[in-house]
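A.B. asks: Pasting a structure here, questions to come.
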Amino acid sequence: MSLGIMGISNKIIYIFCPANIATGGTEALHQLRYYMEKIKLDAYLVYINVMKGINPMPDRYIIYDPKVKSLEEIEDVESNIVIAPESWSILLNNFNKSKKCIWWLSVDFYDNLPQKRIRKLKNFVKILLRMKEKEIDRFKFTIHNCINLCGSKYAYDFLKKQRVKGIKYLVEPISKEFLEYKNTDNIERNNIILYNPAKPSDIMDRLLECNEFEFMPLKGFNPFQLIDIYRNAKLYIDFGNFGGPERIPKEAVFFGCTILVGNRNAAKNNFDVAILNKYKIKKYYDIDLVKNKIKFMLDNYETNINDFEFFSNKIKNLETNFIKQIVNIFYK
């Protein structure tokens, strides 16, 4: 199932993106517009929750040369397409004529889950009032009457369980700065263990309390600093929730780290986190088991890194495959 837009000369694609937020999800939305333009599609970002007097675009996304339109500039006509991340799919209620897409960058943040509706409703009403809508049909829109684009197998499987049709994979690459990095010199790695403090877990707290390893939190670094950190470390660990494939594990492997994760959510399948099962710990709450695995991976880095070649090559091909997916979805 495609959007059937080949030959429509005046089509415009609008991509909703939360303003002033720099996350893997918002970067993916900037990347989508950037790569669409590369294949001559007329695509624009539409920032939502814009604060007056503040630039809605995080500075680091200037590399994607974003073209922007406001909510008020969107033309709701049959030739146009509106794309919303799953966390803001409720915005698609407002469009009757345009072709509608949800891009599932996660599952856990889907705004039409009951526990998410109240949180989003206040902002949703404000946005529609700005668009001068007379009536608000809050939950008329469903995932069954649009194109569903999946950034992970985890999301794909979720939609299959809902008996949703018209599902397509759309898996974004890692950051442009990382892909353009050219230095391939070998460097000596240290017994440094990287982790993401934005993904807390009980086992991570206990590991930090043990003071047995040298941990480095990945927080407050720009992409170029991150590259140096990845290239000096041996291991990245993540026992938090995997709402999608996650960018940091892919970045770490791309720059030569091994990774160790909890066998949960998206990390369970070998499409989203394409590593051997022996690096996915089912009993990730067992601190002795985890510590022994960490020691093994640090002591045997030179051998273990070969096990990550498949995942590394997959990450290298994400950009090419992303462009192919865009073509297959939006041109055929």
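By order of appearance in the structure tokens: chains A, B, ..., then residues from 1 within every chain, and ligands from 1 in the order shown.
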If you run DSSP on the backbone, which residues of region 110-277 of chain A are alpha helix (DSSP H), as a PyMOL selection string?
C.D. replies: chain A and resi 114-130+153-161+176-179+202-210+223-232+247-254
A.B. asks: Write out as a VMD selection string which residues come within 7 Å of region 10-21 of chain A when counting only C-alpha atoms, dropping same-chain ones fewer than 2 positions away.
C.D. replies: chain A and resid 8 23 26 29 42 to 50 56 to 58 79 to 84
A.B. asks: Name the residues of region 11-69 of chain A that come out as strand (DSSP E or B) in a backbone DSSP run; write them as a PyMOL selection string.
C.D. replies: chain A and resi 13-18+43-48+68
A.B. asks: Restricting it to N, CA and C atoms, dump the selection as a PDB file, in the first residue's frame.
C.D. replies:
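Contents of result-v7.pdb, as written:
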ATOM      1  N   ILE A  13       4.196  17.951   1.627  1.00  0.00           N
ATOM      2  CA  ILE A  13       4.238  17.045   2.772  1.00  0.00           C
ATOM      3  C   ILE A  13       4.550  17.861   4.022  1.00  0.00           C
ATOM      4  N   TYR A  14       3.707  17.724   5.025  1.00  0.00           N
ATOM      5  CA  TYR A  14       3.891  18.435   6.293  1.00  0.00           C
ATOM      6  C   TYR A  14       4.227  17.413   7.379  1.00  0.00           C
ATOM      7  N   ILE A  15       5.303  17.673   8.114  1.00  0.00           N
ATOM      8  CA  ILE A  15       5.772  16.754   9.146  1.00  0.00           C
ATOM      9  C   ILE A  15       5.706  17.451  10.495  1.00  0.00           C
ATOM     10  N   PHE A  16       4.815  16.994  11.363  1.00  0.00           N
ATOM     11  CA  PHE A  16       4.699  17.602  12.690  1.00  0.00           C
ATOM     12  C   PHE A  16       5.897  17.222  13.560  1.00  0.00           C
ATOM     13  N   CYS A  17       6.404  18.217  14.290  1.00  0.00           N
ATOM     14  CA  CYS A  17       7.567  17.972  15.143  1.00  0.00           C
ATOM     15  C   CYS A  17       7.476  18.844  16.397  1.00  0.00           C
ATOM     16  N   PRO A  18       7.587  18.263  17.598  1.00  0.00           N
ATOM     17  CA  PRO A  18       7.606  19.080  18.817  1.00  0.00           C
ATOM     18  C   PRO A  18       8.746  20.088  18.780  1.00  0.00           C
ATOM     19  N   ALA A  43       8.771  18.977   1.126  1.00  0.00           N
ATOM     20  CA  ALA A  43       8.429  18.630   2.502  1.00  0.00           C
ATOM     21  C   ALA A  43       8.803  19.751   3.461  1.00  0.00           C
ATOM     22  N   TYR A  44       7.975  19.913   4.501  1.00  0.00           N
ATOM     23  CA  TYR A  44       8.182  20.971   5.493  1.00  0.00           C
ATOM     24  C   TYR A  44       7.965  20.425   6.900  1.00  0.00           C
ATOM     25  N   LEU A  45       8.747  20.933   7.827  1.00  0.00           N
ATOM     26  CA  LEU A  45       8.477  20.690   9.232  1.00  0.00           C
ATOM     27  C   LEU A  45       7.412  21.666   9.711  1.00  0.00           C
ATOM     28  N   VAL A  46       6.554  21.192  10.595  1.00  0.00           N
ATOM     29  CA  VAL A  46       5.573  22.059  11.250  1.00  0.00           C
ATOM     30  C   VAL A  46       5.784  21.883  12.754  1.00  0.00           C
ATOM     31  N   TYR A  47       6.411  22.870  13.373  1.00  0.00           N
ATOM     32  CA  TYR A  47       6.684  22.773  14.805  1.00  0.00           C
ATOM     33  C   TYR A  47       5.400  22.967  15.599  1.00  0.00           C
ATOM     34  N   ILE A  48       5.250  22.185  16.643  1.00  0.00           N
ATOM     35  CA  ILE A  48       4.093  22.308  17.523  1.00  0.00           C
ATOM     36  C   ILE A  48       4.574  22.647  18.936  1.00  0.00           C
ATOM     37  N   VAL A  68      10.432  25.202   7.062  1.00  0.00           N
ATOM     38  CA  VAL A  68       9.367  25.202   8.072  1.00  0.00           C
ATOM     39  C   VAL A  68       8.136  25.949   7.577  1.00  0.00           C
TER      40      VAL A  68
END
A.B. asks: So that I can see what lies close to region 188-204 of chain A, please list as an NGL selection string the residues with an atom at most 7 Å from it, counting only C-alpha atoms and leaving out residues fewer than 4 positions away in the same chain.
C.D. replies: :A and (208 or 214-218 or 232-240 or 285 or 287 or 298)
A.B. asks: Any idea what's packed within 8 Å of Tyr64 (chain A), counting only C-alpha atoms, ignoring anything in its chain fewer than 2 positions away? Could you give it as a ChimeraX atom specification?
C.D. replies: /A:30-31,34,61-62,66
A.B. asks: Go ahead and write the residues just picked, C-alpha atoms, as a CSV table (one decimal), in the first residue's frame.
C.D. replies:
chain,number,residue,atom,x,y,z
A,30,HIS,CA,14.2,16.4,10.9
A,31,GLN,CA,16.0,13.7,9.0
A,34,TYR,CA,16.0,16.4,4.9
A,61,TYR,CA,19.5,20.3,13.8
A,62,ILE,CA,20.7,23.2,11.6
A,66,PRO,CA,14.9,22.5,7.9
A.B. asks: Just checking: using only C-alpha atoms, which residue out of A:Ile102, A:Ala28, A:Leu149, A:Asp108 ends up closest to Gln325 (chain A)?
C.D. replies: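 Of the candidates, the smallest distance to Gln325 (chain A) is held by A:Leu149.
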A.B. asks: Measuring between only C-alpha atoms, which one of A:Leu41, A:Ile275, A:Leu170, A:Leu91 shows the shortest distance to Ala155 (chain A)?
C.D. replies: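 Answer, going by the shortest atom-to-atom distance: A:Leu170.
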A.B. asks: Would you pick out the contacts of Gly244 (chain A) at 7 Å or less, using only C-alpha atoms, so that residues sharing its chain but fewer than 5 positions from it are not included, and give the list as a VMD selection string?
C.D. replies: chain A and resid 105 to 106 152 154 266
A.B. asks: Restricting the calculation to only C-alpha atoms: of A:Ser70, A:Asn270, A:Asn148, A:Ser98, which residue gets closest to Glu86 (chain A)?
C.D. replies: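 Looking only at the distances to Glu86 (chain A), the closest residue turns out to be A:Asn148.
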A.B. asks: Skip Leu260 (chain A) itself and residues of its chain fewer than 2 positions away, then list as a PyMOL selection string all residues within 10 Å of it, counting only C-alpha atoms.
C.D. replies: chain A and resi 235-239+249+257-258+262-263+275-281+284+290+293-294+297
A.B. asks: Using CA of Lys100 (chain A) and CA of Gly243 (chain A) as the two end points, give the distance in Å to one decimal.
C.D. replies: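 Calculated distance between CA of Lys100 (chain A) and CA of Gly243 (chain A) is 23.0 Å.
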